[in-house]
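Contents: one structure, followed by commentary.
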Amino acid sequence: MKIDELILHTVSMPLVAPFTTSFGTQTVRTALILELHATAADGAPLVGWAECVADEHPLYSGEFLPAAKIVIIDHLLPRLRDVEVTAETVGHLLRVVVGHRMAKAAVEMAVLDAQLRGQGVSLGSYFGAVVDRVPSGVSVGIQPTTEQLLDVVGGYLDQGYVRIKLKIEPGRDIERVRAVRERFGDDVLLQVDANAAYTLVDAPLLRRLDEFNLLLIEQPLGEEDLRQHAALARQMSTPMCLDESITSAEAAAAAIALGAAAVINIKAGRVGGYLEARRIHDLARANGIAVWCGGMVETGVGRAANAALAALPGFTLPGDISGSDRFYTKDLTEPFVMQDGYIQVPTGPGLGVEPLPDALAEFSIDTTPVVI
Ligand code: OSB
Ligand code: MG
């Protein structure tokens, strides 16, 4: 295809409740939605959608939304001008730009969606999905008090979520996990995510998590600390899972070789796209490393793509793919509904969903069309 135009929609989506992690509290998700217009080789018009997962602030990752927008407009799109582009070649065309994986992932996803819509193929079947629904886990933010945490977790369990992930930080860790285990029992699939809030000096403290039979501990140490995660993994029985550190298939290969990860949280945005995400899935599977699909508080656009990815056979643990109502009263797309602990993988062409025009108009705070 030849790309004709990219429209960048910035949307501001209020969250149903504040979401607190070790790096900050979010009450609104400002998201960048890409609307790509292209022309197929046979002259047919193509449209593709994507969501860029960069956040407003560079706290989870060095990337952030205003920068991602600049990179897309000034550095990525010019490299796709007047060239024949496919989903399988766009990553290669953009490789000379260093980093900015979330920006690249969004452009690749928009091209992939346009391509698959043109072919009438769903993203799930393109990836090689082996199931039509994926188990739904929920990421629970840090709550002001343990009592509030127990109420929130109880609510999600009542709704039917099959796995609970507790965000933790120093001072709100061991006792919170103990309280959840004591209230809800040992059968709940439970894991924790520290978002890099600890250092290796905290190993004796983190080891105390071992008694709670957690599925995994996610990213206790810094993004660059592969070696230190390996050292910590040797001191704990709780399986070590990496999120922030896995920025590419190469990083995944290094983490596996070092013994820094027994489990990998795969987020397509963080690794530069869904095709790289699939490569990491394949690599992990060949190495006996479990993977699960992470989330970035996506609207329905990004949620659809995550559900399709999570339907691959190596995704053996429930992902952070909750129903739209976990974060939003009203989603940008038809809402994803969690039913009996599962989310359906969309079956329509491409993402299988698209922004509803009225929702896009309601939440939009900026529209930047770029003709290329
Ligand atoms: O670390 O997995 C994370 C949200 C934003 C940034 C980082 C993370 C998260 C979550 C939420 O845990 C996952 C979701 O979208 O449900
Ligand atoms: Mg995480």
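We name chains A, B, ... following the order of the structure tokens; residues begin at 1 in each chain, and ligands are numbered from 1 as shown.
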**OP:** Name the residues in contact with stretch 35-50 of chain A at a cut-off of 6 Å, using only C-alpha atoms, excluding same-chain residues fewer than 4 positions from it; report them as a ChimeraX atom specification.
**Re:** /A:1-7,106,109-110,113-114
Original post:
Which residues form the shell of 6 Å around ligand 1 when you count only C-alpha atoms and all ligand atoms, given as a VMD selection string?
Top reply: chain A and resid 60 138 to 139 195 294 to 298 320 to 321
Determine, for each residue of stretch 73-97 of chain A having at least one atom at most 12 Å from an atom of stretch 259-273 of chain A, the closest pair of atoms and their separation in Å to one decimal, counting only C-alpha atoms; order by chain and ascending number, as CSV.
residue,atom,partner,partner_atom,distance
A:Ala87,CA,A:Gly273,CA,10.1
A:Glu88,CA,A:Gly273,CA,10.8
A:Val90,CA,A:Gly273,CA,10.2
A:Gly91,CA,A:Gly273,CA,8.1
A:His92,CA,A:Gly272,CA,11.3
A:Leu94,CA,A:Gly272,CA,10.3
A:Arg95,CA,A:Gly272,CA,10.0
A:Val97,CA,A:Gly272,CA,11.6
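The binding environment of ligand 2, defined as every protein, DNA or RNA residue with an atom no more than 8 Å away and counting only C-alpha atoms and all ligand atoms, comprises Asp193, Ala194, Asn195, Glu218, Gln219, Leu242, Asp243, Glu244, Asn265 and Gly294 of chain A.
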**OP:** Taking the chain letters and numbering used in this document, name the residues of stretch 82-235 of chain A that DSSP puts in alpha helix (DSSP H), as a PyMOL selection string.
**Re:** chain A and resi 87-93+101-119+123-127+146-159+174-184+203-207+226-235
**OP:** Return the single residue from A:His281, A:Ala31, A:Ser22, A:Leu77 that is closest to A:Pro220, with distances computed using only C-alpha atoms.
**Re:**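 Closest candidate: A:Ser22.
When only C-alpha atoms are used to measure the gap to A:Arg101, the shortest distance among A:Val192, A:Phe64, A:Leu15, A:Val85 belongs to A:Phe64.
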Original post:
Between A:Asn287, A:Thr199, A:Phe212, A:Val121, which is the closest to A:Glu169 once you count only C-alpha atoms?
Top reply: A:Thr199
Residues of stretch 118-224 of chain A that approach stretch 344-357 of chain A to 8 Å or less, counting only C-alpha atoms: could you list each one with the shortest pair of atoms and its distance in Å to one decimal, rows by chain and increasing residue number, as CSV?
residue,atom,partner,partner_atom,distance
A:Gly118,CA,A:Pro349,CA,8.0
A:Gln119,CA,A:Pro349,CA,7.6
A:Gly120,CA,A:Pro349,CA,4.8
A:Val121,CA,A:Pro349,CA,4.7
A:Ser122,CA,A:Pro349,CA,4.2
A:Leu123,CA,A:Gly350,CA,4.9
A:Gly124,CA,A:Val345,CA,7.1
A:Asp132,CA,A:Val345,CA,5.3
A:Arg133,CA,A:Gln344,CA,4.2
A:Val134,CA,A:Gln344,CA,6.5
Write out the residues from the selection above, keeping N, CA and C atoms, as a PDB file, in the first residue's frame.
ATOM      1  N   GLY A 118      -8.298  -4.720   4.384  1.00  0.00           N
ATOM      2  CA  GLY A 118      -8.352  -4.840   2.926  1.00  0.00           C
ATOM      3  C   GLY A 118      -8.466  -6.292   2.485  1.00  0.00           C
ATOM      4  N   GLN A 119      -7.875  -7.188   3.252  1.00  0.00           N
ATOM      5  CA  GLN A 119      -7.897  -8.617   2.901  1.00  0.00           C
ATOM      6  C   GLN A 119      -9.054  -9.369   3.551  1.00  0.00           C
ATOM      7  N   GLY A 120      -9.764  -8.705   4.468  1.00  0.00           N
ATOM      8  CA  GLY A 120     -10.860  -9.371   5.170  1.00  0.00           C
ATOM      9  C   GLY A 120     -10.386 -10.416   6.162  1.00  0.00           C
ATOM     10  N   VAL A 121      -9.173 -10.217   6.700  1.00  0.00           N
ATOM     11  CA  VAL A 121      -8.593 -11.193   7.636  1.00  0.00           C
ATOM     12  C   VAL A 121      -8.532 -10.569   9.035  1.00  0.00           C
ATOM     13  N   SER A 122      -8.900 -11.339  10.042  1.00  0.00           N
ATOM     14  CA  SER A 122      -8.835 -10.796  11.407  1.00  0.00           C
ATOM     15  C   SER A 122      -7.397 -10.835  11.926  1.00  0.00           C
ATOM     16  N   LEU A 123      -7.114  -9.938  12.863  1.00  0.00           N
ATOM     17  CA  LEU A 123      -5.784  -9.881  13.467  1.00  0.00           C
ATOM     18  C   LEU A 123      -5.458 -11.211  14.155  1.00  0.00           C
ATOM     19  N   GLY A 124      -6.450 -11.787  14.822  1.00  0.00           N
ATOM     20  CA  GLY A 124      -6.239 -13.065  15.499  1.00  0.00           C
ATOM     21  C   GLY A 124      -5.786 -14.139  14.524  1.00  0.00           C
ATOM     22  N   ASP A 132     -10.661 -18.672  20.860  1.00  0.00           N
ATOM     23  CA  ASP A 132     -11.514 -17.545  20.474  1.00  0.00           C
ATOM     24  C   ASP A 132     -11.835 -16.615  21.647  1.00  0.00           C
ATOM     25  N   ARG A 133     -11.334 -16.968  22.847  1.00  0.00           N
ATOM     26  CA  ARG A 133     -11.483 -16.062  23.987  1.00  0.00           C
ATOM     27  C   ARG A 133     -10.270 -16.240  24.896  1.00  0.00           C
ATOM     28  N   VAL A 134      -9.940 -15.180  25.628  1.00  0.00           N
ATOM     29  CA  VAL A 134      -8.739 -15.229  26.470  1.00  0.00           C
ATOM     30  C   VAL A 134      -9.116 -14.938  27.919  1.00  0.00           C
TER      31      VAL A 134
END
Subject >> Shortest interatomic distance to A:Lys104 - which of A:Ala68, A:Ala361, A:Val201, A:Ala233, counting only C-alpha atoms >> reply: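 Distance minimum relative to A:Lys104 lands on A:Ala68.
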Original post:
Which of these, A:Ala310, A:Ser136, A:Tyr274, A:Tyr126, has the shortest distance to A:Ser324 once you count only C-alpha atoms?
Top reply: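 Ranked by minimum distance to A:Ser324, first place goes to A:Ser136.
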Original post:
Nearest to A:Asp82 among A:Ala286, A:Ala54, A:Ile372, A:Leu360, with distances taken over only C-alpha atoms: which residue is it?
Top reply: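 So, comparing all the options, the nearest one is A:Ile372.
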**OP:** Write out as an MDAnalysis selection string each polymer residue whose atoms come within 8 Å of A:Met338, counting only C-alpha atoms; drop sequence neighbours fewer than 2 positions from it.
**Re:** chainID A and resid 136 161 322:323 336 340:344
